[in-house]
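Shown next, in structure tokens, is the structure this report addresses.
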Amino acid sequence: MVTNEGAGVSGDRVLYGCMGLGGSWEAGPYGPADIDAAEAAIGAALESGITAFDHADIYRNGKAEAVFGEVLARTPGLRERITIQTKCGIRLAGKDSPGMYDLRGPNITRRVEESLTRLRTDVIDVLLLHRPDPLADAGEIASALMSLHRQGLVRHFGVSNMGAAQIASLQARLDVPLVANQLEMSLYSRDWVEAGVLLNTPESARNGFPFGTLEHCRDHGIRLQAWGALAQGRFTGRQQTAAERATAELLADLARRKGTTPESVLLWWLSRHPAGIAPVIGTARPDRIRACRDAAVREPDLTHEEWYELWVTARGVPLP
């Protein structure tokens with residue numbers, strides 16, 4: 001069995017997700033204001049103790065990577081202080097083609113080369129496969145990844161939105177360990193945690209999370225990363241349901257008692273889980289990035305009882 005012990009990837013408690021950088025999702029150019037906004041967000045992340053930055057080749061039609069590269073170019077020494085992670089495998093819809101997933105070997109190689117150019121760097125620290133491609137051949141994927149690794153273009157590999165069986169199939173064909181799996185996980189999107197406790201209950205039929213994925217990642221040293229970790233503000237600014245309002249009140253109370261922010265408590269709920277989950281925060285607002293600082297620099301300050309109280313309150317109904 002290949003493991004990732006000693007892989008040397010970032011140990012950051014929190015990653016900064018760069019999807020909000022670069023202006024609009026249109027294919028047009030970005031401008032100076034977009035670069036300045038990216039610089040402000042990156043600066044707020046660094047001030048908050050976050051040094052791992054999560055990208056994807058499709059974010060803002062490539063402009064998220066491009067403005068990040070602009071900031072690297074204007075900030076000598078920054079590249080050596082940070083970890084850059086990006087993803088490939090999704091192709092946005094175009095005039096003559098549908099939106100699709102594409103993990104064919106040549107496409108992986110081309111997309112990585114394009115990301116390196118936009119990011120203005122010689123190497124990607126971690127490359128994630130963004131979504132499973134039903135037509136992809138695992139051997140072809142592995143061959144492309146190993147070629148990128150041998151060339152020194154990518155240091156480490158991982159996946160995103162994949163279950164245990166898909167990960168195991170790919171890992172069996174790789175000579176290097178997969179180091180990360182990025183999934184939607186939050187106090188709002190709870191399928192990942194509830195899959196393990198709803199077995200043999202009527203609710204289990206509505207849970208689509210691939211059972212055993214958390215355990216597989218934990219047993220094989222694959223770090224779980226949580227996208228959507230702030231739950232799009234559902235508990236920290238735009239509550240819509242009774243359960244969300246009750247959870248927001250509980251978060252605010254816990255934050256007051258612990259001398260921190262509701263955002264940090266919300267992220268602590270993820271990182272308190274023994275699977276070692278690293279939240280990815282995607283806001284482009286510097287003030288909201290700074291509100292996550294304690295999640296990045298402090299151990300999760302939640303008791304067993306407080307963790308469960310947040311879970312049950314967010315569910316809106318008791319556990320089975």
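Going by the structure tokens order, chains are called A, B, ..., each with residues numbered from 1, while ligands are numbered from 1 in the order shown.
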Please list as a list in words every residue within 10 Å of A:Gly152, counting only C-alpha atoms and excluding residues in the same chain fewer than 6 positions away.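 After dropping sequence-adjacent residues, the list is Asp122, Val123, Ile124, Asp125 and Met146 of chain A.
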Could you go through stretch 41-153 of chain A and tell me which residues DSSP, when run on the backbone, assigns to alpha helix (DSSP H), listing them as a ChimeraX atom specification? /A:41-47,63-74,105-119,138-150
With only C-alpha atoms as the atoms that count, which of A:Thr201, A:Ser264, A:Ser143, A:Thr75 lies nearest to A:Pro106? A:Ser143
Using only C-alpha atoms, which residue out of A:Ala44, A:Leu254, A:Val14, A:Ala180 lies closest to A:Arg285?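 Going through A:Ala44, A:Leu254, A:Val14, A:Ala180 one by one, the smallest distance to A:Arg285 is for A:Ala44.
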Contacts of A:Thr260 within 10 Å, only C-alpha atoms, excl. fewer than 4 positions in-chain, as a PyMOL selection string: chain A and resi 252+254-256+264-265+291-295+301
How about saving the chosen residues, N, CA, C and O atoms kept, as an mmCIF file, in the first residue's frame?
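Wrote it out as out-v7.cif, contents follow:
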data_model
loop_
_atom_site.group_PDB
_atom_site.id
_atom_site.type_symbol
_atom_site.label_atom_id
_atom_site.label_comp_id
_atom_site.auth_asym_id
_atom_site.auth_seq_id
_atom_site.Cartn_x
_atom_site.Cartn_y
_atom_site.Cartn_z
ATOM 1 N N ALA A 252 -22.955 32.426 17.645
ATOM 2 C CA ALA A 252 -22.614 33.719 18.224
ATOM 3 C C ALA A 252 -22.354 33.596 19.713
ATOM 4 O O ALA A 252 -21.410 34.218 20.250
ATOM 5 N N LEU A 254 -21.336 30.845 21.373
ATOM 6 C CA LEU A 254 -20.067 30.132 21.550
ATOM 7 C C LEU A 254 -18.883 31.047 21.249
ATOM 8 O O LEU A 254 -17.865 31.017 21.949
ATOM 9 N N ALA A 255 -19.016 31.868 20.217
ATOM 10 C CA ALA A 255 -17.929 32.781 19.858
ATOM 11 C C ALA A 255 -17.668 33.774 20.981
ATOM 12 O O ALA A 255 -16.507 34.059 21.320
ATOM 13 N N ARG A 256 -18.731 34.310 21.585
ATOM 14 C CA ARG A 256 -18.555 35.251 22.693
ATOM 15 C C ARG A 256 -17.846 34.587 23.865
ATOM 16 O O ARG A 256 -16.934 35.163 24.459
ATOM 17 N N SER A 264 -14.990 31.399 12.868
ATOM 18 C CA SER A 264 -13.969 30.472 13.362
ATOM 19 C C SER A 264 -14.601 29.279 14.070
ATOM 20 O O SER A 264 -14.150 28.141 13.910
ATOM 21 N N VAL A 265 -15.659 29.515 14.835
ATOM 22 C CA VAL A 265 -16.349 28.400 15.485
ATOM 23 C C VAL A 265 -16.929 27.451 14.437
ATOM 24 O O VAL A 265 -16.857 26.222 14.567
ATOM 25 N N ALA A 291 -11.881 37.123 9.770
ATOM 26 C CA ALA A 291 -12.762 36.536 10.779
ATOM 27 C C ALA A 291 -12.493 35.050 10.979
ATOM 28 O O ALA A 291 -12.925 34.468 11.979
ATOM 29 N N CYS A 292 -11.776 34.442 10.050
ATOM 30 C CA CYS A 292 -11.458 33.013 10.133
ATOM 31 C C CYS A 292 -10.088 32.748 10.763
ATOM 32 O O CYS A 292 -9.639 31.605 10.816
ATOM 33 N N ARG A 293 -9.438 33.799 11.223
ATOM 34 C CA ARG A 293 -8.055 33.676 11.678
ATOM 35 C C ARG A 293 -7.884 32.629 12.778
ATOM 36 O O ARG A 293 -6.956 31.817 12.737
ATOM 37 N N ASP A 294 -8.749 32.637 13.779
ATOM 38 C CA ASP A 294 -8.560 31.698 14.891
ATOM 39 C C ASP A 294 -8.687 30.247 14.445
ATOM 40 O O ASP A 294 -8.076 29.351 15.037
ATOM 41 N N ALA A 295 -9.468 29.995 13.400
ATOM 42 C CA ALA A 295 -9.545 28.632 12.872
ATOM 43 C C ALA A 295 -8.228 28.216 12.238
ATOM 44 O O ALA A 295 -7.893 27.025 12.198
ATOM 45 N N ASP A 301 -11.530 24.751 19.589
ATOM 46 C CA ASP A 301 -11.942 24.896 20.980
ATOM 47 C C ASP A 301 -13.417 24.575 21.107
ATOM 48 O O ASP A 301 -14.262 25.446 21.352
#
Work out how far atom CA of A:Gly20 is from atom CA of A:Cys88, in Å to one decimal.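 Taking atom CA of A:Cys88 as the start and atom CA of A:Gly20 as the end point, the length is 17.1 Å.
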A:Leu183, A:Arg111, A:Gly282, A:Glu244 ranked by distance to A:Phe53, top pick (using only C-alpha atoms):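 Ranked by minimum distance to A:Phe53, first place goes to A:Gly282.
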Counting only C-alpha atoms, which residue out of A:Val159, A:Leu302, A:Val112, A:Leu267 sits closest to A:Leu187?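 Residue with the minimum atom-to-atom distance to A:Leu187: A:Leu267.
Taking atom CA of A:Glu114 and atom CA of A:Gly62 as endpoints, the distance between them is 9.0 Å.
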If you run DSSP on this backbone, which residues of stretch 24-176 of chain A come out as strand (DSSP E), and could you give them as a PyMOL selection string? chain A and resi 52-54+83-88+90-91+100-101+124-129+154-160
Output N, CA, C and O atoms for every residue in that selection, as a CSV table (one decimal), in the first residue's frame.
chain,number,residue,atom,x,y,z
A,52,ALA,N,-1.8,28.4,2.3
A,52,ALA,CA,-2.1,27.4,1.3
A,52,ALA,C,-3.3,28.0,0.5
A,52,ALA,O,-4.3,28.4,1.0
A,53,PHE,N,-3.1,28.1,-0.9
A,53,PHE,CA,-4.1,28.7,-1.7
A,53,PHE,C,-4.6,27.7,-2.8
A,53,PHE,O,-3.8,27.1,-3.5
A,54,ASP,N,-5.9,27.6,-2.8
A,54,ASP,CA,-6.6,26.6,-3.6
A,54,ASP,C,-7.2,27.2,-4.9
A,54,ASP,O,-8.0,28.2,-4.8
A,83,THR,N,1.9,27.6,-0.4
A,83,THR,CA,1.6,26.4,-1.2
A,83,THR,C,0.5,26.7,-2.2
A,83,THR,O,-0.5,27.3,-1.8
A,84,ILE,N,0.7,26.3,-3.4
A,84,ILE,CA,-0.3,26.5,-4.5
A,84,ILE,C,-0.8,25.2,-4.9
A,84,ILE,O,-0.1,24.3,-5.3
A,85,GLN,N,-2.1,25.1,-4.8
A,85,GLN,CA,-2.9,23.9,-5.2
A,85,GLN,C,-3.9,24.4,-6.3
A,85,GLN,O,-4.5,25.4,-6.2
A,86,THR,N,-3.9,23.6,-7.4
A,86,THR,CA,-4.9,23.9,-8.4
A,86,THR,C,-5.6,22.6,-8.9
A,86,THR,O,-5.1,21.5,-8.5
A,87,LYS,N,-6.6,22.7,-9.7
A,87,LYS,CA,-7.4,21.5,-10.2
A,87,LYS,C,-7.6,21.6,-11.7
A,87,LYS,O,-7.5,22.7,-12.3
A,88,CYS,N,-7.8,20.4,-12.2
A,88,CYS,CA,-8.1,20.4,-13.7
A,88,CYS,C,-9.1,19.2,-13.8
A,88,CYS,O,-9.3,18.4,-13.0
A,90,ILE,N,-12.4,19.8,-15.4
A,90,ILE,CA,-13.7,20.4,-15.8
A,90,ILE,C,-13.5,21.3,-17.0
A,90,ILE,O,-12.6,22.1,-17.0
A,91,ARG,N,-14.3,21.1,-18.1
A,91,ARG,CA,-14.3,22.0,-19.2
A,91,ARG,C,-15.6,22.8,-19.2
A,91,ARG,O,-16.7,22.2,-19.3
A,100,MET,N,-18.4,19.7,-19.7
A,100,MET,CA,-18.1,18.3,-19.6
A,100,MET,C,-16.9,18.1,-18.6
A,100,MET,O,-16.2,19.1,-18.2
A,101,TYR,N,-16.7,16.9,-18.3
A,101,TYR,CA,-15.5,16.5,-17.5
A,101,TYR,C,-14.5,15.8,-18.5
A,101,TYR,O,-14.9,15.1,-19.4
A,124,ILE,N,3.6,23.3,-9.6
A,124,ILE,CA,2.4,23.3,-8.8
A,124,ILE,C,2.6,22.4,-7.6
A,124,ILE,O,3.1,21.2,-7.8
A,125,ASP,N,2.3,22.8,-6.4
A,125,ASP,CA,2.6,22.0,-5.3
A,125,ASP,C,1.6,20.8,-5.2
A,125,ASP,O,2.1,19.7,-4.9
A,126,VAL,N,0.4,21.0,-5.4
A,126,VAL,CA,-0.6,20.0,-5.4
A,126,VAL,C,-1.6,20.1,-6.5
A,126,VAL,O,-2.2,21.2,-6.7
A,127,LEU,N,-1.8,19.1,-7.3
A,127,LEU,CA,-2.8,19.1,-8.4
A,127,LEU,C,-3.9,18.1,-8.0
A,127,LEU,O,-3.6,17.0,-7.8
A,128,LEU,N,-5.1,18.6,-8.0
A,128,LEU,CA,-6.3,17.8,-7.8
A,128,LEU,C,-7.1,17.6,-9.1
A,128,LEU,O,-7.2,18.5,-9.9
A,129,LEU,N,-7.6,16.4,-9.2
A,129,LEU,CA,-8.5,16.1,-10.3
A,129,LEU,C,-9.9,16.5,-9.9
A,129,LEU,O,-10.4,16.0,-8.9
A,154,VAL,N,4.7,19.1,-11.2
A,154,VAL,CA,3.8,18.9,-10.1
A,154,VAL,C,4.4,18.1,-9.0
A,154,VAL,O,5.0,17.0,-9.3
A,155,ARG,N,4.3,18.6,-7.8
A,155,ARG,CA,5.0,17.9,-6.6
A,155,ARG,C,4.1,16.7,-6.1
A,155,ARG,O,4.5,15.6,-5.8
A,156,HIS,N,2.8,17.0,-5.9
A,156,HIS,CA,1.9,16.1,-5.3
A,156,HIS,C,0.5,16.1,-6.0
A,156,HIS,O,0.2,17.0,-6.7
A,157,PHE,N,-0.2,15.0,-5.8
A,157,PHE,CA,-1.5,14.8,-6.5
A,157,PHE,C,-2.6,14.5,-5.5
A,157,PHE,O,-2.3,13.9,-4.4
A,158,GLY,N,-3.8,14.9,-5.8
A,158,GLY,CA,-5.0,14.5,-5.0
A,158,GLY,C,-6.2,14.5,-5.9
A,158,GLY,O,-6.1,14.6,-7.2
A,159,VAL,N,-7.4,14.4,-5.3
A,159,VAL,CA,-8.6,14.3,-6.1
A,159,VAL,C,-9.6,15.3,-5.4
A,159,VAL,O,-9.4,15.8,-4.3
A,160,SER,N,-10.7,15.4,-6.1
A,160,SER,CA,-11.8,16.3,-5.6
A,160,SER,C,-13.1,15.6,-5.9
A,160,SER,O,-13.3,15.1,-7.1
What is the distance, in Å and to one decimal place, between atom CA of A:Ala38 and atom CA of A:Tyr59?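 Atom-to-atom, atom CA of A:Ala38 and atom CA of A:Tyr59 are spaced 13.2 Å apart.
Residue nearest A:Tyr30 within the list A:Arg315, A:Val71, A:Ala66, A:Leu145: A:Ala66 [criterion: smallest interatomic distance, only C-alpha atoms].
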